[in-house]
Amino acid sequence: MSRIVIHPLFAAILSLAGVSGAGAPALAGTQYKETIRTEFAPKVRAWAQSPDVILAVRRQNEVHAGLSDAAIAKLDRKWREETQSPARPMIDTVLGNALSDYLRQVQDKAQGFYTEIFVMDNRGLNVGQSNLTSDYWQGDEAKWQQTYQAGAGSILIDDVEFDESTQAFQSQLSLPVVDPDTSEVIGAVTVGVNVGLFE
């Protein structure tokens, strides 16, 4: 892991906010983005071409091929409603599928560097995820638009934000999911990277 030194001004701001030590991200400008680009993106690209990911995305692309925009919006509304409900059949189905199990294994092996992982299909709908997301459709967000729609070599690294659910400073890394058999982009993946662990 590259050593990144925190910018003094940012350190002062964090100190005033009561955040210091291991809880504060080691940032100097946008250096963290280069670390994510060089050290994390290649690993994510590799496991995003695993059979677990590719087969699940292919399957969902087939199932969702005929969905209208109205049907997608209805699915997203249902998901959002279920996040506020004790009964969550749709959410439970996605969180309980084989791809979600695989993504949780990937996250567990990442030694705390991954705070969340979710994979999207060619319509921007979640296929599998390690943790609960607030919405089901990502097609209106940059994480899908600037990866799936931008081509196989695209990459998006978001600014650092404090994630309340994980209590960690994270940057979302998003990449296209590329079918190794056809070299076609078939979906996208987003990984929350815990920059608070950077040294």
# chains A, B, ... in the order shown; residues from 1 in each chain; ligands from 1
call {"tool": "closest_atom_pairs", "arguments": {"of": "segment 119-196 of chain A", "to": "segment 69-76 of chain A", "cutoff": "10 Å", "atoms": "only C-alpha atoms", "output": "JSON lines"}}
result
{"residue": "A:Arg123", "atom": "CA", "partner": "A:Ile72", "partner_atom": "CA", "distance": 8.5}
{"residue": "A:Gly124", "atom": "CA", "partner": "A:Ile72", "partner_atom": "CA", "distance": 9.4}
{"residue": "A:Leu125", "atom": "CA", "partner": "A:Ile72", "partner_atom": "CA", "distance": 8.1}
{"residue": "A:Asn126", "atom": "CA", "partner": "A:Asp76", "partner_atom": "CA", "distance": 9.9}
{"residue": "A:Ser134", "atom": "CA", "partner": "A:Asp76", "partner_atom": "CA", "distance": 9.6}
{"residue": "A:Asp135", "atom": "CA", "partner": "A:Asp76", "partner_atom": "CA", "distance": 6.2}
{"residue": "A:Tyr136", "atom": "CA", "partner": "A:Asp76", "partner_atom": "CA", "distance": 5.1}
{"residue": "A:Trp137", "atom": "CA", "partner": "A:Asp76", "partner_atom": "CA", "distance": 5.7}
{"residue": "A:Gln138", "atom": "CA", "partner": "A:Asp76", "partner_atom": "CA", "distance": 9.2}
{"residue": "A:Gly139", "atom": "CA", "partner": "A:Ile72", "partner_atom": "CA", "distance": 9.7}
call {"tool": "select_by_dssp", "arguments": {"residues": "segment 22-180 of chain A", "states": "helix (DSSP H, G or I)", "output": "PyMOL selection string"}}
result
chain A and resi 22-23+31-47+51-63+69-82+89-95+98-109+142-145
call {"tool": "atom_distance", "arguments": {"atom1": "atom CA of Leu173 of chain A", "atom2": "atom CA of Val53 of chain A"}}
result
16.8 Å
call {"tool": "residues_around", "arguments": {"residues": "Ala65 of chain A", "least_positions_apart": "4", "cutoff": "9 Å", "atoms": "only C-alpha atoms", "output": "PyMOL selection string"}}
result
chain A and resi 60-61+122-123
call {"tool": "closest_residue", "arguments": {"among": "A:Val189, A:Asp108, A:Gln172, A:Ser50", "to": "Thr147 of chain A", "atoms": "only C-alpha atoms"}}
result
A:Val189
call {"tool": "atom_distance", "arguments": {"atom1": "atom CA of Phe113 of chain A", "atom2": "atom CA of Phe198 of chain A"}}
result
8.7 Å
call {"tool": "atom_distance", "arguments": {"atom1": "atom CA of Gly196 of chain A", "atom2": "atom CA of Gln167 of chain A"}}
result
10.0 Å
